[in-house]
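The file model-v5.cif contains mmCIF, C-alpha atoms:
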data_work
#
loop_
_atom_site.label_atom_id
_atom_site.label_comp_id
_atom_site.auth_asym_id
_atom_site.auth_seq_id
_atom_site.Cartn_x
_atom_site.Cartn_y
_atom_site.Cartn_z
CA MET A 1 76.86 113.79 102.17
CA PRO A 2 75.21 113.45 105.58
CA VAL A 3 76.86 110.98 107.93
CA LYS A 4 74.92 107.75 108.25
CA HIS A 5 74.36 106.67 111.81
CA PRO A 6 72.31 104.08 113.76
CA VAL A 7 70.06 106.33 115.86
CA VAL A 8 66.84 105.70 113.96
CA ASP A 9 67.19 101.90 113.88
CA HIS A 10 67.99 101.83 117.58
CA MET A 11 65.16 104.17 118.46
CA LEU A 12 62.61 101.96 116.73
CA THR A 13 63.34 99.28 119.33
CA GLN A 14 62.84 101.62 122.27
CA SER A 15 59.54 101.90 124.09
CA TYR A 16 59.84 105.67 124.33
CA VAL A 17 59.62 106.16 120.54
CA ARG A 18 56.08 107.11 119.65
CA ASN A 19 54.35 109.14 117.03
CA TYR A 20 55.81 112.60 117.51
CA MET A 21 52.51 114.32 116.80
CA THR A 22 50.98 113.46 120.14
CA ALA A 23 48.30 115.70 121.56
CA HIS A 24 50.75 118.01 123.31
CA TRP A 25 52.79 118.46 120.14
CA VAL A 26 49.70 119.17 118.06
CA ALA A 27 48.77 121.88 120.54
CA ARG A 28 52.25 123.34 120.64
CA LEU A 29 52.52 123.48 116.87
CA SER A 30 49.14 125.27 116.75
CA GLY A 31 47.80 123.07 114.01
CA LYS A 32 50.59 123.92 111.56
CA THR A 33 51.44 121.19 109.08
CA VAL A 34 54.88 119.66 109.55
CA ARG A 35 56.73 119.63 106.25
CA SER A 36 59.74 117.53 105.35
CA MET A 37 61.00 120.04 102.80
CA SER A 38 61.26 123.81 102.84
CA LYS A 39 61.21 126.23 99.96
CA ASN A 40 63.22 128.70 101.98
CA THR A 41 66.61 127.36 100.87
CA SER A 42 68.02 130.73 99.87
CA LYS A 43 68.52 131.88 103.46
CA PRO A 44 72.00 131.46 104.94
CA ALA A 45 72.34 128.41 107.16
CA GLN A 46 73.59 128.40 110.73
CA SER A 47 75.86 125.52 111.71
CA ILE A 48 75.73 124.21 115.26
CA ARG A 49 77.74 121.41 116.83
CA VAL A 50 75.52 118.67 118.21
CA TYR A 51 75.83 115.17 119.58
CA GLN A 52 73.71 112.24 118.51
CA ALA A 53 71.20 110.93 121.03
CA LEU A 54 73.01 107.58 121.33
CA ASP A 55 76.15 109.35 122.49
CA PHE A 56 74.49 110.58 125.69
CA THR A 57 72.82 107.77 127.63
CA VAL A 58 71.46 107.00 131.11
CA VAL A 59 73.98 105.18 133.31
CA ASN A 60 71.97 105.38 136.53
CA GLY A 61 68.24 105.85 137.01
CA ALA A 62 64.79 104.87 135.78
CA ASN A 63 65.68 104.81 132.09
CA LEU A 64 68.93 102.89 132.38
CA GLY A 65 70.60 102.45 128.99
CA ASP A 66 68.29 104.80 127.12
CA PRO A 67 69.68 107.70 125.10
CA ILE A 68 68.57 111.25 125.72
CA SER A 69 65.12 112.04 124.35
CA PHE A 70 62.60 114.87 124.19
CA ALA A 71 61.43 116.28 127.50
CA ASP A 72 58.16 114.36 127.86
CA GLU A 73 60.11 111.08 127.91
CA LEU A 74 62.67 112.10 130.55
CA ASP A 75 62.82 111.47 134.29
CA LEU A 76 64.45 113.84 136.74
CA ASP A 77 67.52 112.52 138.61
CA ASP A 78 68.50 110.13 135.83
CA THR A 79 72.29 110.35 135.38
CA TYR A 80 73.72 110.58 131.86
CA GLU A 81 77.20 110.10 130.48
CA LEU A 82 78.70 111.10 127.16
CA ARG A 83 80.12 108.07 125.39
CA ARG A 84 83.89 107.74 125.19
CA ASN A 85 85.18 108.97 121.81
CA ALA A 86 81.87 110.68 121.07
CA LYS A 87 82.34 113.67 118.82
CA PRO A 88 80.10 116.59 117.88
CA TYR A 89 78.79 116.83 114.33
CA ARG A 90 77.82 119.86 112.32
CA LEU A 91 74.07 120.32 111.94
CA SER A 92 73.27 123.08 109.45
CA LEU A 93 69.90 124.75 109.93
CA ILE A 94 67.78 127.31 108.10
CA ALA A 95 65.21 129.17 110.20
CA GLY A 96 61.61 128.73 109.02
CA ALA A 97 58.89 131.35 109.21
CA SER A 98 56.71 129.33 111.59
CA GLY A 99 59.39 128.73 114.22
CA HIS A 100 60.84 125.41 113.11
CA PHE A 101 64.09 124.78 111.24
CA THR A 102 65.06 123.01 108.05
CA ILE A 103 68.25 121.00 107.58
CA ALA A 104 70.47 122.71 105.00
CA LYS A 105 72.81 121.12 102.48
CA GLU A 106 76.10 121.65 104.29
CA THR A 107 75.36 119.26 107.14
CA ASP A 108 76.99 116.20 108.70
CA LEU A 109 73.81 114.85 110.26
CA GLY A 110 70.18 114.50 109.30
CA ARG A 111 68.27 114.42 106.02
CA VAL A 112 68.62 117.57 103.94
CA GLY A 113 65.26 119.36 103.85
CA ALA A 114 63.89 117.61 106.95
CA THR A 115 62.19 119.62 109.69
CA ILE A 116 63.86 120.23 113.06
CA HIS A 117 61.90 121.30 116.16
CA LEU A 118 63.50 122.82 119.23
CA ASP A 119 61.99 120.73 122.02
CA SER A 120 63.38 121.86 125.36
CA CYS A 121 66.24 123.17 127.46
CA LEU A 122 67.65 120.67 129.95
CA THR A 123 69.60 121.51 133.08
CA LEU A 124 72.14 118.92 134.19
CA MET A 125 74.35 118.85 137.28
CA SER A 126 77.74 117.19 137.59
CA ALA A 127 79.11 115.64 140.80
CA ASN A 128 80.91 118.86 141.74
CA GLY A 129 77.63 120.79 141.71
CA SER A 130 78.20 122.78 138.51
CA THR A 131 75.29 122.99 136.09
CA THR A 132 75.22 122.72 132.32
CA GLU A 133 72.36 123.57 129.99
CA MET A 134 71.60 121.55 126.89
CA LEU A 135 69.09 122.08 124.07
CA VAL A 136 67.20 119.12 122.62
CA LEU A 137 66.43 119.23 118.90
CA VAL A 138 64.12 116.72 117.23
CA GLU A 139 64.13 115.84 113.54
CA VAL A 140 60.77 114.67 112.18
CA ASP A 141 59.78 113.04 108.93
CA GLY A 142 56.98 114.10 106.60
CA ASN A 143 54.38 112.31 108.74
CA GLY A 144 55.44 114.04 111.95
CA ASN A 145 57.22 110.98 113.39
CA VAL A 146 60.55 111.18 115.21
CA ALA A 147 63.44 110.52 112.84
CA ASP A 148 66.32 111.61 115.05
CA ILE A 149 67.21 113.48 118.23
CA TYR A 150 70.24 115.73 118.78
CA VAL A 151 71.57 117.66 121.76
CA LEU A 152 73.35 121.02 121.72
CA PRO A 153 75.35 121.57 124.94
CA LEU A 154 75.67 125.24 125.86
CA ALA A 155 78.91 124.44 127.70
CA PRO A 156 81.44 121.64 127.11
CA ILE A 157 80.53 118.19 128.42
CA VAL A 158 83.18 115.63 129.31
CA PRO A 159 82.99 111.94 128.32
CA ARG A 160 82.52 109.37 131.06
CA THR A 161 81.38 112.04 133.53
CA GLY A 162 78.00 111.78 135.25
CA TYR A 163 75.41 114.51 134.61
CA SER A 164 72.18 114.28 136.57
CA LEU A 165 69.04 115.73 135.01
CA VAL A 166 67.72 118.32 137.46
CA GLY A 167 65.34 120.30 135.26
CA PHE A 168 63.80 120.77 131.83
CA ASP A 169 61.78 123.56 130.31
CA HIS A 170 59.96 123.95 127.00
CA ASP A 171 59.42 127.68 127.34
CA THR A 172 63.03 128.83 127.72
CA ALA A 173 64.43 126.72 124.89
CA ARG A 174 63.79 129.34 122.21
CA GLN A 175 65.22 132.12 124.34
CA LYS A 176 68.39 130.10 124.97
CA TYR A 177 68.75 129.31 121.28
CA ALA A 178 68.21 133.00 120.47
CA GLU A 179 71.09 133.90 122.78
CA VAL A 180 73.32 131.49 120.85
CA ALA A 181 72.13 132.83 117.48
CA CYS A 182 72.45 136.55 118.27
CA VAL A 183 75.55 138.20 116.84
CA SER A 184 77.24 140.19 119.58
CA PHE A 185 80.16 142.50 120.29
CA THR A 186 82.14 142.19 123.51
CA ARG A 187 82.68 144.90 126.10
CA GLY A 188 85.33 147.38 125.04
CA THR A 189 84.78 147.04 121.28
CA GLN A 190 85.23 150.42 119.58
CA ILE A 191 82.34 151.31 117.24
CA THR A 192 82.71 153.97 114.54
CA MET A 193 80.20 156.78 115.02
CA SER A 194 78.74 159.12 112.36
CA SER A 195 81.48 161.66 113.08
CA GLY A 196 84.23 159.10 112.67
CA ALA A 197 84.87 159.07 116.41
CA GLN A 198 85.28 155.73 118.20
CA LYS A 199 83.00 154.80 121.09
CA PRO A 200 83.05 151.66 123.28
CA VAL A 201 80.01 149.51 122.59
CA GLU A 202 78.99 149.55 126.28
CA ASN A 203 78.74 153.36 126.14
CA LEU A 204 76.38 153.49 123.18
CA GLU A 205 72.85 154.79 123.69
CA ILE A 206 69.60 154.27 121.83
CA GLY A 207 69.35 156.98 119.19
CA ASP A 208 73.10 157.27 118.63
CA GLN A 209 74.10 158.02 115.04
CA ILE A 210 76.39 155.30 113.70
CA LEU A 211 78.18 154.95 110.38
CA THR A 212 76.97 152.02 108.25
CA ARG A 213 78.53 150.62 105.12
CA ASP A 214 75.40 150.50 102.96
CA ASP A 215 73.14 153.27 104.25
CA GLY A 216 75.42 155.96 105.59
CA ILE A 217 74.47 157.34 109.00
CA GLN A 218 71.78 155.36 110.80
CA GLN A 219 70.15 155.62 114.21
CA LEU A 220 70.62 152.86 116.75
CA ARG A 221 67.22 151.44 117.67
CA TRP A 222 67.95 149.01 120.53
CA ILE A 223 70.86 147.67 122.58
CA GLY A 224 70.84 144.27 124.20
CA GLN A 225 73.25 143.05 126.86
CA SER A 226 73.91 139.60 128.28
CA THR A 227 76.63 137.92 130.32
CA HIS A 228 77.67 134.30 129.80
CA ARG A 229 80.36 131.89 130.80
CA ALA A 230 82.89 132.09 127.98
CA VAL A 231 82.69 128.40 127.11
CA GLY A 232 81.16 126.30 124.37
CA GLU A 233 78.83 128.21 122.06
CA PHE A 234 79.30 131.37 124.15
CA ALA A 235 83.08 131.54 123.91
CA PRO A 236 84.08 134.59 121.82
CA ILE A 237 86.37 134.59 118.80
CA CYS A 238 89.39 136.89 119.07
CA ILE A 239 90.58 138.44 115.82
CA ARG A 240 93.97 139.65 116.88
CA ALA A 241 95.30 143.06 115.96
CA GLY A 242 96.47 143.11 112.35
CA ALA A 243 94.70 139.88 111.37
CA LEU A 244 92.28 141.79 109.14
CA HIS A 245 94.05 145.16 109.25
CA ASN A 246 92.47 145.96 112.62
CA GLU A 247 94.53 148.11 114.96
CA ASN A 248 93.25 146.40 118.14
CA ASP A 249 91.91 142.95 118.98
CA LEU A 250 88.28 142.41 118.01
CA LEU A 251 86.25 139.91 120.07
CA VAL A 252 82.86 138.85 118.73
CA SER A 253 80.41 135.97 119.09
CA ALA A 254 81.30 132.84 117.14
CA ASP A 255 78.68 133.21 114.41
CA HIS A 256 79.27 136.93 113.90
CA ARG A 257 79.64 137.66 110.17
CA LEU A 258 82.38 139.97 108.98
CA PHE A 259 82.18 141.81 105.65
CA ILE A 260 85.43 141.71 103.70
CA TYR A 261 86.28 143.18 100.33
CA GLN A 262 88.91 141.27 98.37
CA ARG A 263 90.87 143.14 95.75
CA SER A 264 91.13 139.76 94.04
CA ASP A 265 88.95 136.71 94.70
CA LYS A 266 91.45 134.62 96.67
CA LEU A 267 88.74 132.46 98.22
CA GLY A 268 87.21 131.43 94.91
CA ALA A 269 83.83 132.70 96.05
CA GLY A 270 82.99 134.07 92.61
CA ARG A 271 82.86 137.65 93.91
CA ASN A 272 85.07 140.14 95.66
CA GLU A 273 82.69 140.98 98.53
CA VAL A 274 82.17 138.22 101.08
CA LEU A 275 80.55 137.66 104.46
CA VAL A 276 82.48 135.22 106.65
CA ARG A 277 81.53 133.92 110.08
CA ALA A 278 84.18 134.51 112.73
CA ARG A 279 84.28 130.84 113.74
CA HIS A 280 85.35 129.90 110.20
CA LEU A 281 88.43 132.13 110.43
CA ILE A 282 89.99 130.36 113.42
CA ASN A 283 93.57 129.36 112.61
CA GLY A 284 95.12 129.06 116.07
CA ASP A 285 97.32 132.07 115.46
CA SER A 286 95.82 135.37 114.32
CA VAL A 287 92.23 134.23 115.00
CA VAL A 288 91.58 132.14 118.10
CA LEU A 289 88.78 130.89 120.34
CA ARG A 290 89.05 132.62 123.72
CA GLU A 291 87.54 130.44 126.45
CA GLY A 292 87.42 130.95 130.18
CA GLY A 293 85.82 133.30 132.67
CA PHE A 294 82.80 135.34 131.69
CA VAL A 295 82.03 137.52 128.69
CA ASP A 296 79.75 140.55 128.37
CA TYR A 297 77.97 140.58 125.02
CA PHE A 298 76.18 143.53 123.41
CA GLN A 299 73.66 143.30 120.57
CA LEU A 300 73.02 146.31 118.32
CA LEU A 301 69.73 146.62 116.41
CA PHE A 302 68.88 148.98 113.56
CA ASP A 303 65.72 149.35 111.49
CA GLU A 304 67.48 147.22 108.89
CA HIS A 305 70.24 144.67 109.13
CA GLN A 306 73.42 146.74 108.81
CA ILE A 307 77.15 146.41 108.34
CA ILE A 308 78.95 148.76 110.74
CA TYR A 309 82.60 149.23 111.71
CA ALA A 310 84.02 147.63 114.86
CA GLU A 311 87.73 148.13 115.53
CA GLY A 312 87.90 149.14 111.87
CA ILE A 313 86.45 145.82 110.64
CA ALA A 314 83.13 145.80 108.80
CA ALA A 315 80.82 143.59 110.88
CA GLU A 316 77.12 142.84 110.92
CA THR A 317 74.55 144.00 113.47
CA LEU A 318 71.71 141.97 114.94
CA LEU A 319 69.52 140.25 112.37
CA ILE A 320 65.92 139.71 113.42
CA ASP A 321 64.51 136.38 112.31
CA THR A 322 62.72 133.44 113.89
CA ARG A 323 65.94 132.39 115.67
CA THR A 324 66.74 135.70 117.36
CA ARG A 325 63.35 137.28 117.99
CA GLN A 326 63.05 135.64 121.41
CA ALA A 327 66.10 137.57 122.62
CA LEU A 328 64.18 140.85 122.37
CA PRO A 329 61.88 142.29 125.04
CA GLU A 330 58.37 140.94 124.52
CA ASP A 331 56.82 144.29 123.59
CA MET A 332 59.53 145.00 121.02
CA SER A 333 59.31 141.50 119.55
CA LYS A 334 55.60 141.99 118.92
CA SER A 335 56.04 145.45 117.40
CA LEU A 336 58.77 144.23 115.05
CA THR A 337 56.41 141.75 113.44
CA THR A 338 54.87 144.63 111.51
CA SER A 339 57.52 147.35 111.67
CA LEU A 340 60.47 145.31 110.37
CA PRO A 341 58.95 142.79 107.96
CA ASP A 342 61.98 142.75 105.63
CA HIS A 343 64.84 142.72 108.11
CA GLU A 344 66.36 139.71 106.35
CA ALA A 345 65.94 141.04 102.80
CA ARG A 346 69.29 142.76 102.34
CA PRO A 347 71.54 142.40 99.27
CA HIS A 348 74.66 141.73 101.33
CA MET A 349 73.07 138.58 102.77
CA ASP A 350 73.84 136.87 99.45
CA TYR A 351 77.57 137.36 100.00
CA GLU A 352 78.01 134.78 102.74
CA VAL A 353 80.71 132.19 102.15
CA GLY A 354 79.85 128.67 103.27
CA GLU A 355 82.03 126.65 105.61
CA ASN A 356 82.85 124.05 102.94
CA LEU A 357 84.70 126.64 100.85
CA LEU A 358 86.86 127.59 103.83
CA LYS A 359 87.92 124.10 104.92
CA ASN A 360 91.64 123.37 104.90
CA LEU A 361 92.42 127.03 104.31
CA ASP A 362 93.91 129.73 106.49
CA ALA A 363 91.01 131.93 105.45
CA ALA A 364 92.04 134.78 107.73
CA GLU A 365 95.47 135.06 106.13
CA LEU A 366 94.07 134.71 102.60
CA LEU A 367 91.54 137.45 103.25
CA ARG A 368 94.14 139.70 104.88
CA ARG A 369 96.30 139.47 101.78
CA ALA A 370 93.35 139.74 99.39
CA SER A 371 92.11 142.90 101.09
CA THR A 372 95.48 144.62 101.30
CA ARG A 373 95.26 148.06 99.77
#

Encoding of this model in structure tokens:
Amino acid sequence: MPVKHPVVDHMLTQSYVRNYMTAHWVARLSGKTVRSMSKNTSKPAQSIRVYQALDFTVVNGANLGDPISFADELDLDDTYELRRNAKPYRLSLIAGASGHFTIAKETDLGRVGATIHLDSCLTLMSANGSTTEMLVLVEVDGNGNVADIYVLPLAPIVPRTGYSLVGFDHDTARQKYAEVACVSFTRGTQITMSSGAQKPVENLEIGDQILTRDDGIQQLRWIGQSTHRAVGEFAPICIRAGALHNENDLLVSADHRLFIYQRSDKLGAGRNEVLVRARHLINGDSVVLREGGFVDYFQLLFDEHQIIYAEGIAAETLLIDTRTRQALPEDMSKSLTTSLPDHEARPHMDYEVGENLLKNLDAAELLRRASTR
């Protein structure tokens, strides 16, 4: 059940709460009707860790005492602090065809089926001069009115520390979210080629022939590369050697899905073949979050969403949907609208195991044993 919280009641008393479908929002949504429910519930959900608006409030500036809001209600140079004992909640989202999101069932916040819009990317600066980016997500009801506001920090934020708002941007928000949503391999990851040879991901070239699980040998269509601070949503997950019968460590982005065949259904998933997100395997031992420094990420795109072999582990490649499309070059993004209309329609997408099934389990160890030959 979603967590009940006081944001809506508080917001109704604030002068900044208005009908969300103001003129600028009508223009930005291009006349599309905002729906409170989505029929697209079969798609796998993505869970992100967000804070409630009331947890991040102005402690110095024009809007003293107000919680964070959407960009049109913010003032530059206001200083915000995260409330003491504030904790992030899981917000589970399903990407919609028209660019918005729908709240999925496995969520801690929000009304299941409600619409979420990605409003803006904020840039905040702490007293030591370091900057942190934060995405603002707005939940709306069936009439297009604000129901709730959430923030997704792209790097950790510390309670009772001042963060001054130094910039906000509507246009980059989708690109930043796409970078979070893209599944990526880290520099040095060995990819199995068509010949069985291993090749570091950074040495791959467009047109390379790569072994896939479902479709044999396939040609690599595009390679993306990005560098991020290895913190927050951009910190990689390290699957240590032997954790899933891999000879070497495998480092991937947190939401990267791994394909695992169980000889017996130890997870209780109702099937032997499962897709599991790397973040759900963390156990503090054989699978850990590796924070600190910088990380080079590589995204691999095929004509269809594929399962390939990285360090001997079956792992997914980049999936093109409304979340990730903004990470592509503009010309390619436009061409894929017609050339890859069914990138999401793959049988293996039905094998994903939800986070609720993995709670309180050492899923990595269970899967290692279940997949032992």

Which residues of range 211-269 of chain A come within 9 Å of range 146-164 of chain A, and for each one, what is the closest pair of atoms and their distance in Å to one decimal, counting only C-alpha atoms, sorted by chain and residue number, as a tab-separated table?
residue	atom	partner	partner_atom	distance
A:Arg229	CA	A:Ala155	CA	8.2
A:Ala230	CA	A:Ala155	CA	8.6
A:Val231	CA	A:Ala155	CA	5.5
A:Gly232	CA	A:Ala155	CA	4.4
A:Glu233	CA	A:Leu154	CA	5.8
A:Phe234	CA	A:Leu154	CA	7.3

From A:Leu165, A:His100, A:Thr324, A:Gly144, residue lying nearest Ile68 in chain A [all atoms listed in the file]:
A:Leu165

Tell me, in Å to one decimal, how far CA of Thr131 in chain A is from CA of Ala235 in chain A.
16.8 Å

Protein and nucleic acid residues near (83.5, 154.1, 115.1) (cut-off 9 Å, all atoms listed in the file) as an MDAnalysis selection string
chainID A and resid 190:200 210:211 308:312

Evaluate the PyMOL selection byres ((chain A and resi 172-187) around 8) and record the selected residues as an mmCIF file with C-alpha atoms, in the coordinates of the input, following the chain and residue labels used in the document.
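Heads up, here's the output in selection.cif:
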data_model
loop_
_atom_site.group_PDB
_atom_site.id
_atom_site.type_symbol
_atom_site.label_atom_id
_atom_site.label_comp_id
_atom_site.auth_asym_id
_atom_site.auth_seq_id
_atom_site.Cartn_x
_atom_site.Cartn_y
_atom_site.Cartn_z
ATOM 1 C CA LEU A 118 63.500 122.820 119.230
ATOM 2 C CA ASP A 119 61.990 120.730 122.020
ATOM 3 C CA SER A 120 63.380 121.860 125.360
ATOM 4 C CA CYS A 121 66.240 123.170 127.460
ATOM 5 C CA LEU A 135 69.090 122.080 124.070
ATOM 6 C CA ASP A 169 61.780 123.560 130.310
ATOM 7 C CA HIS A 170 59.960 123.950 127.000
ATOM 8 C CA ASP A 171 59.420 127.680 127.340
ATOM 9 C CA GLY A 188 85.330 147.380 125.040
ATOM 10 C CA THR A 189 84.780 147.040 121.280
ATOM 11 C CA PRO A 200 83.050 151.660 123.280
ATOM 12 C CA VAL A 201 80.010 149.510 122.590
ATOM 13 C CA GLU A 202 78.990 149.550 126.280
ATOM 14 C CA GLU A 233 78.830 128.210 122.060
ATOM 15 C CA PHE A 234 79.300 131.370 124.150
ATOM 16 C CA LEU A 251 86.250 139.910 120.070
ATOM 17 C CA VAL A 252 82.860 138.850 118.730
ATOM 18 C CA SER A 253 80.410 135.970 119.090
ATOM 19 C CA ALA A 254 81.300 132.840 117.140
ATOM 20 C CA ASP A 255 78.680 133.210 114.410
ATOM 21 C CA HIS A 256 79.270 136.930 113.900
ATOM 22 C CA ARG A 257 79.640 137.660 110.170
ATOM 23 C CA VAL A 295 82.030 137.520 128.690
ATOM 24 C CA ASP A 296 79.750 140.550 128.370
ATOM 25 C CA TYR A 297 77.970 140.580 125.020
ATOM 26 C CA PHE A 298 76.180 143.530 123.410
ATOM 27 C CA GLN A 299 73.660 143.300 120.570
ATOM 28 C CA LEU A 300 73.020 146.310 118.320
ATOM 29 C CA GLU A 316 77.120 142.840 110.920
ATOM 30 C CA THR A 317 74.550 144.000 113.470
ATOM 31 C CA LEU A 318 71.710 141.970 114.940
ATOM 32 C CA LEU A 319 69.520 140.250 112.370
ATOM 33 C CA ARG A 323 65.940 132.390 115.670
ATOM 34 C CA THR A 324 66.740 135.700 117.360
ATOM 35 C CA ARG A 325 63.350 137.280 117.990
ATOM 36 C CA GLN A 326 63.050 135.640 121.410
ATOM 37 C CA ALA A 327 66.100 137.570 122.620
#

For the structure provided, state which residues fall under the PyMOL selection byres ((chain A and resi 244-247) around 8), and present them as a CSV table (one decimal) with C-alpha atoms, keeping the file's coordinate frame.
chain,number,residue,atom,x,y,z
A,239,ILE,CA,90.6,138.4,115.8
A,240,ARG,CA,94.0,139.6,116.9
A,241,ALA,CA,95.3,143.1,116.0
A,242,GLY,CA,96.5,143.1,112.4
A,243,ALA,CA,94.7,139.9,111.4
A,248,ASN,CA,93.2,146.4,118.1
A,249,ASP,CA,91.9,143.0,119.0
A,250,LEU,CA,88.3,142.4,118.0
A,311,GLU,CA,87.7,148.1,115.5
A,312,GLY,CA,87.9,149.1,111.9
A,313,ILE,CA,86.4,145.8,110.6
A,364,ALA,CA,92.0,134.8,107.7
A,367,LEU,CA,91.5,137.4,103.2
A,368,ARG,CA,94.1,139.7,104.9
